[in-house]
Each structure stands twice: as structure tokens, then as C-alpha cells.
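Participant: Questions regarding the structure given below will be posed in turn.
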Amino acid sequence: MSVLLKKVVWCRYDDLTTPIIITDGIDMNVNRGIDIKNNILMITLLNSAVRLDSESNLLHKYIDYTGNIMFQEQDQIKLYLKYTDDASDIEDDAWSSTSNTLPSSDYLKGVYYVIEFNTKHNNKGTPIKLKCADKCYVLFSKLLAKAFIESDSLTAPEIIQKVVRFSSQNQNGEYLGSGGDAGAKYDIDAKLVSESGYIQNTRKNTTEKGGVNADTTFPTVAVSKVWKPVYEWINELSQIESLNTSDELTNTSDIVYGRPFLYYVDEENKFHWFETDNTVDETITIGTTTGIFDYNLDKKVFDTVNFIIFRGGEDFYGKGTLDYYIEDTTNIKTLRMRVIAMTDIAKKLIQAEISSGNLVANSAGTFNFSGAKYNRNGNVSPAWNSTTYTNDSDYNTALKTEIYRIGNSRCRSLAKGLAHARYKGNMERKGSIVQVGNLLNITNINTGQKSELLRIMGVRDTINKTGWFSQLDIEQDQEAIIEGDVL
């Protein structure tokens, strides 16, 4: 019979090196998901009376002698969990409630920080419920306005690293920067794989068709956003337009990546960005693999969208731009259409040209924008590429091309998960440390799934007096685009 080992460690915000062992956790719930979701730990503490003050008043465990609760915002909570059949584990100091020795990081469920707490006083006791979040909430709370142009010669992984670092720099941060950021401190560790981190910065050496890809460097990209949250930056840079060269995308050569990259922040607040592939992390046979309690899958067709018409806004001449996107890999026989206004694309691009001086106001100007007229300021290089334009027509054509590129990227992002009938569901299993993003190979002969590849999109752990249980949100990946001509 397996024994559940758990260790909850509390460190004060001003002394993160001195662990305090919490032993009276009544129950805990932990959520962790892919795509930079706000990962949360909820823990309820018994907070029993443990001593008397000088006036013989009862003092509870987490109340100090001044009568104030001891927990403060940004206090750190670490949670370690392990099921074991080995008696030596039970006797190990690392799992002792009286030892400050910590278990291996292999059993670390997460590092969280107190963001709020709730107190109760009733006939059942005086429990305290802590709500804690990992450093993902740092990324959620920051809005970034910045432009990376082609002359910066930055690739998608390099821009992602900068965006995450811009949004998580902190003089008290736990992680040090690298390269040009050496010496700076960050709450989230955003290192490239070449720097011993987890942001993939080398492309695979094969194409989606199985051919040879001789160019394993990511193409340089240009992107700009005004006061947009970090996850929007990362989501756009994870689409195939930023992962393949223009030749690869226009069928001149084979596509290297036909699916968007995945990303998440792990239990140690380290940022991961990596390709979607079919490498299986675990094989499960329902009815044979032990520790599986419940299993539920739907194959959804009714929520699909595979055809998007979008309005990208007015060009320099005040004429509207309209384009459409069809998801090439859809397995639905009919088109499921949605019309979406994306007029902010043109507005932001033109406003960036005005801000950079490429457009100058002139009452008799050739171009129109927001009721005012403008002229091109001589020979100009726009914010989105390094080409120099010497006439209005070519400049306007370049603008429309960029509008369509961004619109297609947004459409592909919107269609992600909506263009195919795919398996999606959940599985409850005996508590285990599983990584979001892992790929499961699942077979259930009773319900007709044979070696179906399902990815873990989220994990919800419940720890209480009856044990530790993990519920996995699982779904099939979208199909890879094999052919080019996708712009």
C-alpha cells in the first residue's frame, strides 16, 4: 500500500532562505495549465490554539503575540508530494515535519506566493485559507508597448525572451539574466536552450513532409504591440508565420513547422517554449494501467470554426482591407464561418508610421487617417520591415501585405483547436507529478480509442485526508500544416 508523503514549506517574504514547515494543512487544491494560465494553490490551515499570551488569552498557530496574522503578501509556499512504497522514504529527513531538509525537486509541485488569505471563526474552528499564485500572475499583470523591427535582426525565441524579461524584472528576483541581460534579476527564468534554459532557439532539421531542413536558425521577425499583455505577444510569436521563412510559407520550399509552439511556466517559475511534436511521454491503457480512476472523452464537431473572414482596417488611401482564412488541415467536410473585425491592425500600423516620422501631416496630403491627411516623408522604411519605399503605391501595397499577414496570424491563432473534430476530455488518476504539455498515448478498447495521442493541457490536484488525486485535462493536438501557400 502506498503512503502519501507531503511537505509544505513556508518562507517569509523578507527571508526566503529560512523554511518553516507547515503541518496542519487540512486540504489543498493546485491548478496548473499550459499557455501561461494563472496557476493557483489554495490551502486551508487548521490554525488551532497552541499557546497562551501573558494575559492567558489563547493564541492560535498563525497569530503572533501582537494579535496579527503572520502571513503577508509575497510570502513563499513550496509544496512537495510523493506516493511511496519504500520505508526508507518515510524515514528520510527530507519528509520529516521537524526537519528543514527539503525533498528532491523531482517531487516539487510548485513554488507559490501568497496573494490573499481568508479567515473564519465558527463552532468548527478558526481556519485560515491561503490563496497563492506562481509567478505567472506577474506576466498577466504587465502590459507592454514596444516594437521590434526587422533591422533589430531578432528571432521569435529572442523576442519572447525579451518580452518575458521586460515583464518580470525585479531587483529582488530569484533568477539572473544572461547575454546582454547579465546581472539583471527576474522573477521568471527565461533562458534560451543554448543558455541551459527552456526556450527553444534552434529549429528541427526536418520538414513537416519528412525532408531535410538545412537551415535550423529561426527567421528574423518584426512585431509591435501597444499596451498588450505578454501572453498576446507570445501567442502571436508562437504561430507558424514566425517559425518558418517566407519561402517555406509560400510553398517555395517545405514548411518546417506546421503547428504553433507550446509554452508554459513550470513549477520552479521557469519559462518553456517548444515545438509541438509527437514524442510520447507516457503510454496508458485504460483497464490495465494502474491508478486510473476515471476517464471521459468527447470528440467535438459542433464547436468548430474553419473559415474566418476578417476586416483589417483602412489602408493609407482610406480603402478597407478584407481577407479570409481557411484552416488547411480541417477534417470537417463543411465550412464553418465566422466574420471578425480586426480594424485595429491597420490603425496601429499607421499610427506607428506617424510616430516614427514616416508620415507627416499635410492638409493636401495623399493619405487619409482618422480624418486627417498625410504625406510620405520621402523615402521611408516602415516599422514592419527594412525595405525602403520610394513611391506611395508600393508603400501602400506593403502596408496591406502586413495587414494580411497579421490578420492571417490572428485567424490561425483563433482557429487553433476549432477547425477539427478532436478528442477532448479529462482523466482522474492517483496523484502524480505530471508536466503540462506532456503527450500521452492512450488506448481504450472498450470505447474505441487505439493509441490516440492526447496532450496534457492542465492539471488539477486535490490533496485531503483521503489522499492525493490528479485530474488531467487532455486533448488532441491540431493537425500540422504540411503544404505551403498559407499566407
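Labels used: A, B, ... for chains in the order of the C-alpha cells, numbers from 1 for residues in each chain, and numbers from 1 for ligands as shown.
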Which residues come within 10 Å of segment 255-260 of chain A, counting only C-alpha atoms, excluding same-chain residues fewer than 4 positions away, as a count of residues only?
Facilitator: 48
Participant: Write out as a PyMOL selection string which residues come within 7 Å of segment 452-467 of chain A when counting only C-alpha atoms, dropping same-chain ones fewer than 4 positions away.
Facilitator: chain A and resi 4+26-34+436-443+471-477
Participant: With C-alpha atoms kept, could you save the residues just selected as a CSV table (one decimal), in the first residue's frame?
Facilitator:
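In the end it all went to again.csv:
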chain,number,residue,atom,x,y,z
A,4,LEU,CA,1.4,9.7,0.7
A,26,ILE,CA,-6.5,20.4,6.1
A,27,ASP,CA,-6.8,20.3,2.3
A,28,MET,CA,-5.1,21.7,-0.8
A,29,ASN,CA,-6.0,22.3,-4.4
A,30,VAL,CA,-3.5,23.0,-7.1
A,31,ASN,CA,-4.1,24.1,-10.6
A,32,ARG,CA,-1.5,24.3,-13.4
A,33,GLY,CA,-2.2,24.8,-17.1
A,34,ILE,CA,-0.4,25.4,-20.4
A,436,VAL,CA,1.6,20.1,-18.5
A,437,GLY,CA,2.5,19.8,-22.2
A,438,ASN,CA,3.4,16.1,-21.9
A,439,LEU,CA,1.9,13.8,-24.6
A,440,LEU,CA,0.0,10.7,-23.6
A,441,ASN,CA,-0.5,7.6,-25.8
A,442,ILE,CA,-4.0,6.3,-24.7
A,443,THR,CA,-5.7,3.1,-25.7
A,471,GLN,CA,-7.2,15.3,-12.7
A,472,LEU,CA,-5.8,15.9,-16.2
A,473,ASP,CA,-7.4,18.0,-18.9
A,474,ILE,CA,-6.4,16.3,-22.1
A,475,GLU,CA,-6.9,17.0,-25.8
A,476,GLN,CA,-5.6,16.1,-29.2
A,477,ASP,CA,-3.2,18.5,-31.0
Participant: Please identify the alpha helix (DSSP H) residues within segment 209-324 of chain A (assignment by DSSP from backbone atoms) and present them as a PyMOL selection string.
Facilitator: chain A and resi 230-237+246-249
Participant: Produce a file of the selected residues containing C-alpha atoms, as a compact mmCIF listing (two decimals), in the first residue's frame.
Facilitator:
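Below you can see selection_10.txt, which holds the result:
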# COMPACT_ATOMS: atom_id res chain seq x y z
CA VAL A 230 2.52 39.36 -22.53
CA TYR A 231 0.57 36.26 -23.47
CA GLU A 232 -0.69 38.03 -26.64
CA TRP A 233 2.91 38.71 -27.67
CA ILE A 234 3.94 35.13 -27.05
CA ASN A 235 0.86 33.67 -28.70
CA GLU A 236 1.49 35.63 -31.92
CA LEU A 237 5.18 34.72 -31.96
CA SER A 246 8.65 33.40 -46.23
CA ASP A 247 9.81 30.86 -48.83
CA GLU A 248 8.67 28.00 -46.61
CA LEU A 249 5.30 29.64 -46.09
Participant: Calculate how many Å separate atom CA of Ala214 of chain A from atom CA of Ser178 of chain A, rounding to one decimal.
Facilitator: 27.9 Å
Participant: Might you pull out every residue within 8 Å of Lys299 of chain A, with only C-alpha atoms counted and same-chain residues fewer than 2 positions away left off, and present them as a list in words?
Facilitator: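 Listed by chain and then number, they are Leu297, Val301, Ala421, Arg422, Tyr423 and Lys424 of chain A.
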Participant: Per residue of segment 25-96 of chain A within 10 Å of segment 133-157 of chain A, what are the shortest atom pair and its distance in Å to one decimal, counting only C-alpha atoms, with rows by chain and residue number, as CSV?
Facilitator:
residue,atom,partner,partner_atom,distance
A:Val30,CA,A:Ala133,CA,9.6
A:Asn31,CA,A:Ala133,CA,9.5
A:Arg32,CA,A:Asp134,CA,9.4
A:Ile36,CA,A:Cys136,CA,6.3
A:Lys37,CA,A:Cys136,CA,6.9
A:Asn38,CA,A:Cys136,CA,5.5
A:Asn39,CA,A:Ala133,CA,5.7
A:Ile40,CA,A:Ala133,CA,4.5
A:Leu41,CA,A:Ala133,CA,6.1
A:Met42,CA,A:Ala133,CA,8.8
A:Gln74,CA,A:Ala133,CA,9.4
A:Gln76,CA,A:Asp134,CA,9.3
A:Ile77,CA,A:Ala133,CA,9.3
Participant: Using only C-alpha atoms, which residues sit within 9 Å of segment 79-87 of chain A once same-chain residues fewer than 4 positions away are excluded, as a list in words?
Facilitator: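 My reading of the contact set: Met1, Ser2, Val3, Leu4, Leu5, Lys6, Lys7, Val8, Val9, Glu91, Asp92, Trp95, Leu102, Pro103, Ser104, Ser105, Asp106, Tyr107, Leu108, Lys109, Gly110, Val111, Tyr112, Lys430, Gly431, Ser432, Ile433 and Trp468 of chain A.
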Participant: Which residues, written as a CSV table (one decimal) with N, CA and C atoms, in the first residue's frame, have at least one atom at most 8 Å from Ser97 of chain A, with only C-alpha atoms counted and residues fewer than 3 positions away on the same chain left out?
Facilitator:
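Written file, around-v4.csv:
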chain,number,residue,atom,x,y,z
A,7,LYS,N,5.1,17.7,2.1
A,7,LYS,CA,5.8,18.6,2.9
A,7,LYS,C,5.4,20.0,2.3
A,21,ILE,N,8.1,24.7,8.4
A,21,ILE,CA,7.3,23.6,8.0
A,21,ILE,C,5.9,23.7,8.5
A,22,ILE,N,5.0,23.7,7.5
A,22,ILE,CA,3.5,23.7,7.9
A,22,ILE,C,3.0,22.3,7.9
A,23,THR,N,2.4,21.9,9.1
A,23,THR,CA,2.0,20.5,9.3
A,23,THR,C,0.4,20.4,9.5
Participant: Please list as a ChimeraX atom specification every residue within 6 Å of Gln161 of chain A, counting only C-alpha atoms and excluding residues in the same chain fewer than 3 positions away.
Facilitator: /A:158,164,190
Participant: Could you write out the selected residues, including N, CA and C atoms, as a tab-separated table (two decimals), in the first residue's frame?
Facilitator:
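Result file follows (selection.tsv):
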chain	number	residue	atom	x	y	z
A	158	GLU	N	14.13	34.90	-29.39
A	158	GLU	CA	14.86	36.02	-28.78
A	158	GLU	C	13.90	37.12	-28.33
A	164	VAL	N	9.36	38.43	-21.95
A	164	VAL	CA	9.19	37.85	-20.61
A	164	VAL	C	10.07	38.59	-19.60
A	190	ALA	N	13.91	33.04	-17.94
A	190	ALA	CA	13.63	32.94	-19.39
A	190	ALA	C	14.95	32.82	-20.13
Participant: Please, which residues of segment 115-232 of chain A, numbered as in this document, come out strand (DSSP E) from DSSP, as a list of chain:residue names?
Facilitator: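 In segment 115-232 of chain A, DSSP puts these residues in strand (DSSP E): A:Ile115, A:Glu116, A:Phe117, A:Asn118, A:Thr119, A:Ile128, A:Lys129, A:Leu130, A:Lys131, A:Cys132, A:Ala133, A:Leu143, A:Leu144, A:Ala145, A:Lys146, A:Ala147, A:Phe148, A:Tyr175, A:Leu176, A:Lys185, A:Tyr186, A:Val223, A:Ser224, A:Lys225, A:Val226, A:Trp227, A:Lys228, A:Pro229.
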Participant: Based on the selection just made, write N, CA and C atoms of those residues as a PDB file, in the first residue's frame.
Facilitator:
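Final output, saved to part24.pdb:
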ATOM      1  N   ILE A 115      -1.031  35.663  -2.171  1.00  0.00           N
ATOM      2  CA  ILE A 115      -1.612  36.882  -2.739  1.00  0.00           C
ATOM      3  C   ILE A 115      -2.833  37.351  -1.956  1.00  0.00           C
ATOM      4  N   GLU A 116      -3.470  36.431  -1.215  1.00  0.00           N
ATOM      5  CA  GLU A 116      -4.565  36.832  -0.339  1.00  0.00           C
ATOM      6  C   GLU A 116      -4.855  35.716   0.643  1.00  0.00           C
ATOM      7  N   PHE A 117      -5.578  36.038   1.721  1.00  0.00           N
ATOM      8  CA  PHE A 117      -5.975  35.000   2.670  1.00  0.00           C
ATOM      9  C   PHE A 117      -7.360  35.292   3.221  1.00  0.00           C
ATOM     10  N   ASN A 118      -8.007  34.213   3.642  1.00  0.00           N
ATOM     11  CA  ASN A 118      -9.362  34.303   4.175  1.00  0.00           C
ATOM     12  C   ASN A 118      -9.370  33.654   5.553  1.00  0.00           C
ATOM     13  N   THR A 119     -10.029  34.319   6.525  1.00  0.00           N
ATOM     14  CA  THR A 119     -10.105  33.774   7.888  1.00  0.00           C
ATOM     15  C   THR A 119     -11.557  33.536   8.270  1.00  0.00           C
ATOM     16  N   ILE A 128      -7.627  29.163   8.409  1.00  0.00           N
ATOM     17  CA  ILE A 128      -7.131  30.209   7.516  1.00  0.00           C
ATOM     18  C   ILE A 128      -6.950  29.590   6.133  1.00  0.00           C
ATOM     19  N   LYS A 129      -7.514  30.214   5.124  1.00  0.00           N
ATOM     20  CA  LYS A 129      -7.342  29.731   3.747  1.00  0.00           C
ATOM     21  C   LYS A 129      -6.430  30.694   3.007  1.00  0.00           C
ATOM     22  N   LEU A 130      -5.337  30.161   2.490  1.00  0.00           N
ATOM     23  CA  LEU A 130      -4.380  30.957   1.717  1.00  0.00           C
ATOM     24  C   LEU A 130      -4.619  30.753   0.233  1.00  0.00           C
ATOM     25  N   LYS A 131      -4.616  31.840  -0.504  1.00  0.00           N
ATOM     26  CA  LYS A 131      -4.620  31.764  -1.961  1.00  0.00           C
ATOM     27  C   LYS A 131      -3.252  32.213  -2.437  1.00  0.00           C
ATOM     28  N   CYS A 132      -2.590  31.335  -3.161  1.00  0.00           N
ATOM     29  CA  CYS A 132      -1.225  31.604  -3.612  1.00  0.00           C
ATOM     30  C   CYS A 132      -1.158  31.426  -5.123  1.00  0.00           C
ATOM     31  N   ALA A 133      -0.274  32.154  -5.750  1.00  0.00           N
ATOM     32  CA  ALA A 133      -0.100  32.056  -7.199  1.00  0.00           C
ATOM     33  C   ALA A 133       1.381  31.968  -7.519  1.00  0.00           C
ATOM     34  N   LEU A 143       1.421  45.066 -18.971  1.00  0.00           N
ATOM     35  CA  LEU A 143       1.119  45.418 -20.354  1.00  0.00           C
ATOM     36  C   LEU A 143       2.368  46.029 -20.972  1.00  0.00           C
ATOM     37  N   LEU A 144       2.652  45.640 -22.202  1.00  0.00           N
ATOM     38  CA  LEU A 144       3.901  46.043 -22.833  1.00  0.00           C
ATOM     39  C   LEU A 144       3.627  46.773 -24.140  1.00  0.00           C
ATOM     40  N   ALA A 145       4.263  47.928 -24.321  1.00  0.00           N
ATOM     41  CA  ALA A 145       4.196  48.670 -25.585  1.00  0.00           C
ATOM     42  C   ALA A 145       5.598  48.749 -26.159  1.00  0.00           C
ATOM     43  N   LYS A 146       5.825  48.073 -27.266  1.00  0.00           N
ATOM     44  CA  LYS A 146       7.177  48.033 -27.823  1.00  0.00           C
ATOM     45  C   LYS A 146       7.106  47.581 -29.275  1.00  0.00           C
ATOM     46  N   ALA A 147       8.132  47.928 -30.024  1.00  0.00           N
ATOM     47  CA  ALA A 147       8.230  47.492 -31.421  1.00  0.00           C
ATOM     48  C   ALA A 147       9.586  46.846 -31.645  1.00  0.00           C
ATOM     49  N   PHE A 148       9.575  45.683 -32.275  1.00  0.00           N
ATOM     50  CA  PHE A 148      10.804  45.031 -32.726  1.00  0.00           C
ATOM     51  C   PHE A 148      10.734  45.032 -34.250  1.00  0.00           C
ATOM     52  N   TYR A 175      16.071  34.931 -10.302  1.00  0.00           N
ATOM     53  CA  TYR A 175      16.866  34.449 -11.426  1.00  0.00           C
ATOM     54  C   TYR A 175      17.685  35.568 -12.056  1.00  0.00           C
ATOM     55  N   LEU A 176      18.882  35.220 -12.490  1.00  0.00           N
ATOM     56  CA  LEU A 176      19.763  36.183 -13.147  1.00  0.00           C
ATOM     57  C   LEU A 176      19.610  36.095 -14.662  1.00  0.00           C
ATOM     58  N   LYS A 185      18.009  40.945 -12.537  1.00  0.00           N
ATOM     59  CA  LYS A 185      17.288  39.910 -11.809  1.00  0.00           C
ATOM     60  C   LYS A 185      15.846  39.826 -12.295  1.00  0.00           C
ATOM     61  N   TYR A 186      15.322  38.584 -12.305  1.00  0.00           N
ATOM     62  CA  TYR A 186      13.985  38.346 -12.826  1.00  0.00           C
ATOM     63  C   TYR A 186      13.226  37.377 -11.928  1.00  0.00           C
ATOM     64  N   VAL A 223       7.639  42.652 -34.969  1.00  0.00           N
ATOM     65  CA  VAL A 223       6.358  42.663 -34.287  1.00  0.00           C
ATOM     66  C   VAL A 223       6.283  43.902 -33.405  1.00  0.00           C
ATOM     67  N   SER A 224       5.108  44.497 -33.333  1.00  0.00           N
ATOM     68  CA  SER A 224       4.909  45.644 -32.447  1.00  0.00           C
ATOM     69  C   SER A 224       3.509  45.578 -31.867  1.00  0.00           C
ATOM     70  N   LYS A 225       3.385  45.960 -30.610  1.00  0.00           N
ATOM     71  CA  LYS A 225       2.097  45.984 -29.937  1.00  0.00           C
ATOM     72  C   LYS A 225       2.089  47.144 -28.953  1.00  0.00           C
ATOM     73  N   VAL A 226       0.915  47.706 -28.757  1.00  0.00           N
ATOM     74  CA  VAL A 226       0.774  48.836 -27.851  1.00  0.00           C
ATOM     75  C   VAL A 226      -0.090  48.424 -26.666  1.00  0.00           C
ATOM     76  N   TRP A 227       0.545  48.367 -25.491  1.00  0.00           N
ATOM     77  CA  TRP A 227      -0.127  48.040 -24.237  1.00  0.00           C
ATOM     78  C   TRP A 227      -0.949  46.761 -24.347  1.00  0.00           C
ATOM     79  N   LYS A 228      -0.261  45.706 -24.761  1.00  0.00           N
ATOM     80  CA  LYS A 228      -0.889  44.403 -24.845  1.00  0.00           C
ATOM     81  C   LYS A 228      -0.253  43.466 -23.810  1.00  0.00           C
ATOM     82  N   PRO A 229      -1.042  42.550 -23.236  1.00  0.00           N
ATOM     83  CA  PRO A 229      -0.481  41.621 -22.252  1.00  0.00           C
ATOM     84  C   PRO A 229       0.528  40.678 -22.890  1.00  0.00           C
TER      85      PRO A 229
END
Participant: Restricting the calculation to only C-alpha atoms: of A:Gly173, A:Ile160, A:Thr18, A:Tyr113, which residue gets closest to Asn100 of chain A?
Facilitator: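 For Asn100 of chain A, the nearest of the candidates is A:Thr18.
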Participant: Please, what distance in Å, to one decimal, runs between atom CA of Ser96 of chain A and atom CA of Thr17 of chain A?
Facilitator: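 Atom CA of Thr17 of chain A lies at a distance of 18.2 Å from atom CA of Ser96 of chain A.
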Participant: With only C-alpha atoms as the atoms that count, which of A:Ser253, A:Asn306, A:Thr366, A:Thr202 lies nearest to Leu335 of chain A?
Facilitator: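 Distance minimum relative to Leu335 of chain A lands on A:Asn306.
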Participant: With distances taken over only C-alpha atoms, which of A:Cys11, A:Phe271, A:Asp394, A:Pro127 is nearest to Asp24 of chain A?
Facilitator: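 Of A:Cys11, A:Phe271, A:Asp394, A:Pro127, the one nearest Asp24 of chain A, counting only C-alpha atoms, is A:Pro127.
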Participant: Tell me which of A:Ser99, A:Asn172, A:Thr44, A:Thr283 sits closest to Tyr13 of chain A, counting only C-alpha atoms.
Facilitator: A:Asn172
